[in-house]
Amino acid sequence: MTARFAALFTIVLLLVVPLWDGAYGTGLWQSQTVIMRFLVMAVATAVLLNRAVSSKWRRRLPYLPMLLVVIAATLLCGFSGSDLNANTRMLTAHSFLLMGIVVLVAIMPLTLVEAGVMVSPILMLLVLGARGPVASGYVPLEMVLFVLLPLSVMAALVQLYRTIVAAQEIAIDPLTGVYTRAFGMEMLSLNFETAYRKRSPLTVAFIDLDDFKKINDKFGHDYGDRILREVGINLSQRFRRSDLVIRWGGEEFLVILPDLTLERADEVIQRVMSPGLAELANGRGQQASCGLAERVEDAISQPHNLIDLADQRMYDAKKRRDREQIVAEGLSGRRTSSASKAKARPDSAALNQSLN
């Protein structure tokens, strides 16, 4: 966006200033400066229309269109400085053009390397100016640029920092350190489209912590927050870097598992959850129920349907876990001692039947 604005600024300036500096005069149409102005406007027009750089290179080097504008403006200043037909007003107009572009560079979020690449053409112009002064008209271009360039680089770094902080606030859940629901939904859509194009599997795991409400009620919300924080850390560390862990809401987490079938994803989930997701006050590990859904095997055509199916399977797993807990705690009439097993079988069978 900044590159297109810089291109528009370049085109408007080079179209308007000839009315002031006399570049539209009869004797100047053949001059080197006027020809360079038209070439610079052509480059700026291509940038404005998104035709200067292919979409592939824009994705790899997003600052490349702006770099083309910087190079074009720098060459214009350099060539016009050696043009005997260029008057002082023309050189002044080019100085303002270059300074305006430097200011626009300052609002771009750039790394230190990117900022260095961006201002390198202007630095070369200053080096040439040190060997033979660059004609700058009414404005001392070298002096101004020596002040503006460091400020521009620092401002670009500040913009990058602010962009990263803002992105983290949007994408990262502050309590658990995993991705937020809004960001996770966007990433699921992107992964779903990628899996569809590659015809590869994509599994989603819906994880819900067991008895978390009881934990909050018994130990308080601060303790519950500690459990959630620990769960987020453990989930992030135990999955692959390509997997995305998302806090879906409350004690619910969603995990996107690219290129994993249901069978393989089930093995991964068992390995991740078997040690427990957090350490409880009683020394046990926090358990959770999980449901899996896969794009190909479950014939899912929309990302939200993938989540809905994984959510439903999670609730089915939670019901089975509750049933196993009832049996384990002896609430079915089944006794743990070997002496009472024979007597407990009929009642146990009846309750198991009712649970099923």
# chains A, B, ... in the order shown; residues from 1 in each chain; ligands from 1
>>> select_by_dssp(residues="range 215-308 of chain A", states="strand (DSSP E or B)", output="MDAnalysis selection string")
chainID A and resid 244:249 252:258 279 285 288:294
>>> write_last_selection(atoms="N, CA, C and O atoms", output="mmCIF file, in the first residue's frame")
data_model
loop_
_atom_site.group_PDB
_atom_site.id
_atom_site.type_symbol
_atom_site.label_atom_id
_atom_site.label_comp_id
_atom_site.auth_asym_id
_atom_site.auth_seq_id
_atom_site.Cartn_x
_atom_site.Cartn_y
_atom_site.Cartn_z
ATOM 1 N N LEU A 244 -0.929 -26.203 14.498
ATOM 2 C CA LEU A 244 -1.396 -24.947 15.076
ATOM 3 C C LEU A 244 -2.303 -25.237 16.257
ATOM 4 O O LEU A 244 -3.342 -25.895 16.103
ATOM 5 N N VAL A 245 -1.926 -24.741 17.434
ATOM 6 C CA VAL A 245 -2.720 -24.917 18.650
ATOM 7 C C VAL A 245 -3.505 -23.633 18.889
ATOM 8 O O VAL A 245 -2.931 -22.542 18.941
ATOM 9 N N ILE A 246 -4.808 -23.771 19.072
ATOM 10 C CA ILE A 246 -5.707 -22.622 19.169
ATOM 11 C C ILE A 246 -6.550 -22.746 20.430
ATOM 12 O O ILE A 246 -7.068 -23.822 20.724
ATOM 13 N N ARG A 247 -6.667 -21.664 21.166
ATOM 14 C CA ARG A 247 -7.622 -21.653 22.273
ATOM 15 C C ARG A 247 -8.988 -21.288 21.708
ATOM 16 O O ARG A 247 -9.222 -20.154 21.298
ATOM 17 N N TRP A 248 -9.881 -22.263 21.708
ATOM 18 C CA TRP A 248 -11.168 -22.065 21.059
ATOM 19 C C TRP A 248 -12.138 -21.312 21.961
ATOM 20 O O TRP A 248 -13.015 -20.612 21.491
ATOM 21 N N GLY A 249 -11.982 -21.460 23.264
ATOM 22 C CA GLY A 249 -12.848 -20.767 24.207
ATOM 23 C C GLY A 249 -12.860 -21.476 25.541
ATOM 24 O O GLY A 249 -13.025 -22.690 25.604
ATOM 25 N N GLU A 252 -11.498 -25.071 26.099
ATOM 26 C CA GLU A 252 -11.502 -25.814 24.839
ATOM 27 C C GLU A 252 -10.341 -25.367 23.952
ATOM 28 O O GLU A 252 -10.056 -24.172 23.825
ATOM 29 N N PHE A 253 -9.688 -26.346 23.329
ATOM 30 C CA PHE A 253 -8.573 -26.073 22.426
ATOM 31 C C PHE A 253 -8.801 -26.803 21.109
ATOM 32 O O PHE A 253 -9.381 -27.902 21.082
ATOM 33 N N LEU A 254 -8.348 -26.169 20.041
ATOM 34 C CA LEU A 254 -8.422 -26.768 18.709
ATOM 35 C C LEU A 254 -7.000 -26.895 18.177
ATOM 36 O O LEU A 254 -6.201 -25.963 18.303
ATOM 37 N N VAL A 255 -6.689 -28.035 17.592
ATOM 38 C CA VAL A 255 -5.352 -28.253 17.026
ATOM 39 C C VAL A 255 -5.492 -28.631 15.558
ATOM 40 O O VAL A 255 -6.233 -29.566 15.223
ATOM 41 N N ILE A 256 -4.825 -27.887 14.686
ATOM 42 C CA ILE A 256 -4.826 -28.173 13.254
ATOM 43 C C ILE A 256 -3.602 -29.019 12.941
ATOM 44 O O ILE A 256 -2.466 -28.616 13.240
ATOM 45 N N LEU A 257 -3.825 -30.177 12.359
ATOM 46 C CA LEU A 257 -2.756 -31.143 12.087
ATOM 47 C C LEU A 257 -2.657 -31.382 10.578
ATOM 48 O O LEU A 257 -3.302 -32.278 10.038
ATOM 49 N N PRO A 258 -1.859 -30.596 9.872
ATOM 50 C CA PRO A 258 -1.730 -30.778 8.412
ATOM 51 C C PRO A 258 -1.056 -32.105 8.068
ATOM 52 O O PRO A 258 -0.169 -32.576 8.790
ATOM 53 N N GLU A 279 -0.209 -30.282 35.666
ATOM 54 C CA GLU A 279 -0.106 -30.961 36.961
ATOM 55 C C GLU A 279 -1.120 -30.376 37.929
ATOM 56 O O GLU A 279 -1.137 -29.163 38.180
ATOM 57 N N GLY A 285 -2.307 -35.737 36.624
ATOM 58 C CA GLY A 285 -2.240 -34.906 35.436
ATOM 59 C C GLY A 285 -3.634 -34.500 34.972
ATOM 60 O O GLY A 285 -4.592 -35.267 35.110
ATOM 61 N N ALA A 288 -8.137 -34.757 29.496
ATOM 62 C CA ALA A 288 -8.992 -34.063 28.542
ATOM 63 C C ALA A 288 -9.656 -35.074 27.621
ATOM 64 O O ALA A 288 -9.176 -36.205 27.462
ATOM 65 N N SER A 289 -10.764 -34.654 27.041
ATOM 66 C CA SER A 289 -11.441 -35.463 26.036
ATOM 67 C C SER A 289 -11.164 -34.845 24.672
ATOM 68 O O SER A 289 -11.072 -33.621 24.538
ATOM 69 N N CYS A 290 -11.034 -35.702 23.663
ATOM 70 C CA CYS A 290 -10.637 -35.215 22.343
ATOM 71 C C CYS A 290 -11.460 -35.872 21.254
ATOM 72 O O CYS A 290 -11.786 -37.061 21.332
ATOM 73 N N GLY A 291 -11.814 -35.097 20.253
ATOM 74 C CA GLY A 291 -12.479 -35.607 19.063
ATOM 75 C C GLY A 291 -11.695 -35.232 17.827
ATOM 76 O O GLY A 291 -11.158 -34.120 17.736
ATOM 77 N N LEU A 292 -11.607 -36.143 16.865
ATOM 78 C CA LEU A 292 -10.843 -35.924 15.638
ATOM 79 C C LEU A 292 -11.763 -35.942 14.427
ATOM 80 O O LEU A 292 -12.740 -36.699 14.388
ATOM 81 N N ALA A 293 -11.447 -35.122 13.441
ATOM 82 C CA ALA A 293 -12.142 -35.145 12.157
ATOM 83 C C ALA A 293 -11.124 -34.864 11.066
ATOM 84 O O ALA A 293 -10.221 -34.028 11.253
ATOM 85 N N GLU A 294 -11.257 -35.560 9.950
ATOM 86 C CA GLU A 294 -10.277 -35.426 8.865
ATOM 87 C C GLU A 294 -10.984 -35.111 7.556
ATOM 88 O O GLU A 294 -12.042 -35.650 7.255
#
>>> residues_around(residues="Trp20 in chain A", least_positions_apart="6", cutoff="10 Å", atoms="only C-alpha atoms", output="ChimeraX atom specification")
/A:89-90,93
>>> atom_distance(atom1="CA of Pro121 in chain A", atom2="CA of Ile71 in chain A")
5.9 Å
>>> atom_distance(atom1="CA of Pro201 in chain A", atom2="CA of Met187 in chain A")
15.5 Å
>>> decode(residues="range 200-227 of chain A", atoms="N, CA, C and O atoms", output="PDB file, in the first residue's frame")
ATOM      1  N   SER A 200      -4.197 -33.502   0.020  1.00  0.00           N
ATOM      2  CA  SER A 200      -3.539 -34.110   1.176  1.00  0.00           C
ATOM      3  C   SER A 200      -4.492 -34.116   2.367  1.00  0.00           C
ATOM      4  O   SER A 200      -5.449 -33.331   2.418  1.00  0.00           O
ATOM      5  N   PRO A 201      -4.244 -34.970   3.357  1.00  0.00           N
ATOM      6  CA  PRO A 201      -5.123 -35.020   4.528  1.00  0.00           C
ATOM      7  C   PRO A 201      -4.952 -33.798   5.420  1.00  0.00           C
ATOM      8  O   PRO A 201      -3.897 -33.151   5.432  1.00  0.00           O
ATOM      9  N   LEU A 202      -5.991 -33.484   6.164  1.00  0.00           N
ATOM     10  CA  LEU A 202      -5.956 -32.400   7.145  1.00  0.00           C
ATOM     11  C   LEU A 202      -6.867 -32.797   8.297  1.00  0.00           C
ATOM     12  O   LEU A 202      -8.076 -32.943   8.111  1.00  0.00           O
ATOM     13  N   THR A 203      -6.292 -32.977   9.457  1.00  0.00           N
ATOM     14  CA  THR A 203      -7.052 -33.417  10.626  1.00  0.00           C
ATOM     15  C   THR A 203      -7.160 -32.277  11.629  1.00  0.00           C
ATOM     16  O   THR A 203      -6.219 -31.501  11.806  1.00  0.00           O
ATOM     17  N   VAL A 204      -8.314 -32.200  12.265  1.00  0.00           N
ATOM     18  CA  VAL A 204      -8.554 -31.231  13.332  1.00  0.00           C
ATOM     19  C   VAL A 204      -8.851 -31.990  14.615  1.00  0.00           C
ATOM     20  O   VAL A 204      -9.641 -32.940  14.607  1.00  0.00           O
ATOM     21  N   ALA A 205      -8.205 -31.598  15.697  1.00  0.00           N
ATOM     22  CA  ALA A 205      -8.448 -32.196  17.015  1.00  0.00           C
ATOM     23  C   ALA A 205      -9.130 -31.172  17.906  1.00  0.00           C
ATOM     24  O   ALA A 205      -8.629 -30.052  18.072  1.00  0.00           O
ATOM     25  N   PHE A 206     -10.281 -31.547  18.460  1.00  0.00           N
ATOM     26  CA  PHE A 206     -11.018 -30.674  19.380  1.00  0.00           C
ATOM     27  C   PHE A 206     -10.799 -31.226  20.790  1.00  0.00           C
ATOM     28  O   PHE A 206     -11.202 -32.342  21.099  1.00  0.00           O
ATOM     29  N   ILE A 207     -10.153 -30.445  21.652  1.00  0.00           N
ATOM     30  CA  ILE A 207      -9.766 -30.892  22.987  1.00  0.00           C
ATOM     31  C   ILE A 207     -10.517 -30.084  24.035  1.00  0.00           C
ATOM     32  O   ILE A 207     -10.543 -28.851  23.981  1.00  0.00           O
ATOM     33  N   ASP A 208     -11.124 -30.789  25.005  1.00  0.00           N
ATOM     34  CA  ASP A 208     -11.844 -30.134  26.093  1.00  0.00           C
ATOM     35  C   ASP A 208     -11.351 -30.718  27.419  1.00  0.00           C
ATOM     36  O   ASP A 208     -11.369 -31.934  27.622  1.00  0.00           O
ATOM     37  N   LEU A 209     -10.897 -29.846  28.330  1.00  0.00           N
ATOM     38  CA  LEU A 209     -10.366 -30.307  29.613  1.00  0.00           C
ATOM     39  C   LEU A 209     -11.486 -30.903  30.455  1.00  0.00           C
ATOM     40  O   LEU A 209     -12.576 -30.338  30.552  1.00  0.00           O
ATOM     41  N   ASP A 210     -11.203 -32.016  31.092  1.00  0.00           N
ATOM     42  CA  ASP A 210     -12.207 -32.708  31.917  1.00  0.00           C
ATOM     43  C   ASP A 210     -12.339 -32.040  33.277  1.00  0.00           C
ATOM     44  O   ASP A 210     -11.328 -31.686  33.921  1.00  0.00           O
ATOM     45  N   ASP A 211     -13.586 -31.863  33.719  1.00  0.00           N
ATOM     46  CA  ASP A 211     -13.899 -31.376  35.073  1.00  0.00           C
ATOM     47  C   ASP A 211     -13.251 -30.035  35.386  1.00  0.00           C
ATOM     48  O   ASP A 211     -12.913 -29.750  36.548  1.00  0.00           O
ATOM     49  N   PHE A 212     -13.072 -29.200  34.392  1.00  0.00           N
ATOM     50  CA  PHE A 212     -12.384 -27.936  34.645  1.00  0.00           C
ATOM     51  C   PHE A 212     -13.245 -26.985  35.482  1.00  0.00           C
ATOM     52  O   PHE A 212     -12.725 -26.216  36.294  1.00  0.00           O
ATOM     53  N   LYS A 213     -14.552 -27.047  35.306  1.00  0.00           N
ATOM     54  CA  LYS A 213     -15.440 -26.198  36.118  1.00  0.00           C
ATOM     55  C   LYS A 213     -15.326 -26.545  37.597  1.00  0.00           C
ATOM     56  O   LYS A 213     -15.320 -25.667  38.464  1.00  0.00           O
ATOM     57  N   LYS A 214     -15.217 -27.835  37.898  1.00  0.00           N
ATOM     58  CA  LYS A 214     -15.059 -28.253  39.287  1.00  0.00           C
ATOM     59  C   LYS A 214     -13.743 -27.732  39.856  1.00  0.00           C
ATOM     60  O   LYS A 214     -13.663 -27.350  41.020  1.00  0.00           O
ATOM     61  N   ILE A 215     -12.692 -27.726  39.025  1.00  0.00           N
ATOM     62  CA  ILE A 215     -11.394 -27.218  39.471  1.00  0.00           C
ATOM     63  C   ILE A 215     -11.497 -25.731  39.806  1.00  0.00           C
ATOM     64  O   ILE A 215     -10.997 -25.273  40.844  1.00  0.00           O
ATOM     65  N   ASN A 216     -12.152 -24.961  38.938  1.00  0.00           N
ATOM     66  CA  ASN A 216     -12.332 -23.531  39.197  1.00  0.00           C
ATOM     67  C   ASN A 216     -13.140 -23.291  40.457  1.00  0.00           C
ATOM     68  O   ASN A 216     -12.818 -22.408  41.273  1.00  0.00           O
ATOM     69  N   ASP A 217     -14.220 -24.057  40.627  1.00  0.00           N
ATOM     70  CA  ASP A 217     -15.086 -23.869  41.797  1.00  0.00           C
ATOM     71  C   ASP A 217     -14.367 -24.235  43.092  1.00  0.00           C
ATOM     72  O   ASP A 217     -14.572 -23.597  44.129  1.00  0.00           O
ATOM     73  N   LYS A 218     -13.510 -25.235  43.042  1.00  0.00           N
ATOM     74  CA  LYS A 218     -12.854 -25.722  44.254  1.00  0.00           C
ATOM     75  C   LYS A 218     -11.624 -24.900  44.605  1.00  0.00           C
ATOM     76  O   LYS A 218     -11.382 -24.583  45.779  1.00  0.00           O
ATOM     77  N   PHE A 219     -10.795 -24.559  43.609  1.00  0.00           N
ATOM     78  CA  PHE A 219      -9.512 -23.909  43.890  1.00  0.00           C
ATOM     79  C   PHE A 219      -9.462 -22.433  43.487  1.00  0.00           C
ATOM     80  O   PHE A 219      -8.484 -21.753  43.793  1.00  0.00           O
ATOM     81  N   GLY A 220     -10.458 -21.960  42.781  1.00  0.00           N
ATOM     82  CA  GLY A 220     -10.470 -20.553  42.381  1.00  0.00           C
ATOM     83  C   GLY A 220      -9.969 -20.332  40.965  1.00  0.00           C
ATOM     84  O   GLY A 220      -9.318 -21.202  40.375  1.00  0.00           O
ATOM     85  N   HIS A 221     -10.261 -19.146  40.443  1.00  0.00           N
ATOM     86  CA  HIS A 221      -9.938 -18.853  39.040  1.00  0.00           C
ATOM     87  C   HIS A 221      -8.444 -18.667  38.806  1.00  0.00           C
ATOM     88  O   HIS A 221      -7.952 -18.935  37.708  1.00  0.00           O
ATOM     89  N   ASP A 222      -7.717 -18.195  39.815  1.00  0.00           N
ATOM     90  CA  ASP A 222      -6.267 -18.045  39.645  1.00  0.00           C
ATOM     91  C   ASP A 222      -5.616 -19.407  39.411  1.00  0.00           C
ATOM     92  O   ASP A 222      -4.724 -19.549  38.557  1.00  0.00           O
ATOM     93  N   TYR A 223      -6.071 -20.382  40.181  1.00  0.00           N
ATOM     94  CA  TYR A 223      -5.557 -21.739  39.991  1.00  0.00           C
ATOM     95  C   TYR A 223      -5.956 -22.273  38.616  1.00  0.00           C
ATOM     96  O   TYR A 223      -5.154 -22.911  37.915  1.00  0.00           O
ATOM     97  N   GLY A 224      -7.204 -22.000  38.217  1.00  0.00           N
ATOM     98  CA  GLY A 224      -7.663 -22.421  36.899  1.00  0.00           C
ATOM     99  C   GLY A 224      -6.863 -21.779  35.777  1.00  0.00           C
ATOM    100  O   GLY A 224      -6.536 -22.438  34.784  1.00  0.00           O
ATOM    101  N   ASP A 225      -6.515 -20.494  35.962  1.00  0.00           N
ATOM    102  CA  ASP A 225      -5.689 -19.818  34.953  1.00  0.00           C
ATOM    103  C   ASP A 225      -4.310 -20.455  34.857  1.00  0.00           C
ATOM    104  O   ASP A 225      -3.739 -20.561  33.763  1.00  0.00           O
ATOM    105  N   ARG A 226      -3.760 -20.882  36.004  1.00  0.00           N
ATOM    106  CA  ARG A 226      -2.455 -21.546  35.963  1.00  0.00           C
ATOM    107  C   ARG A 226      -2.535 -22.850  35.189  1.00  0.00           C
ATOM    108  O   ARG A 226      -1.641 -23.181  34.397  1.00  0.00           O
ATOM    109  N   ILE A 227      -3.624 -23.579  35.377  1.00  0.00           N
ATOM    110  CA  ILE A 227      -3.801 -24.827  34.646  1.00  0.00           C
ATOM    111  C   ILE A 227      -3.901 -24.552  33.148  1.00  0.00           C
ATOM    112  O   ILE A 227      -3.257 -25.221  32.323  1.00  0.00           O
TER     113      ILE A 227
END
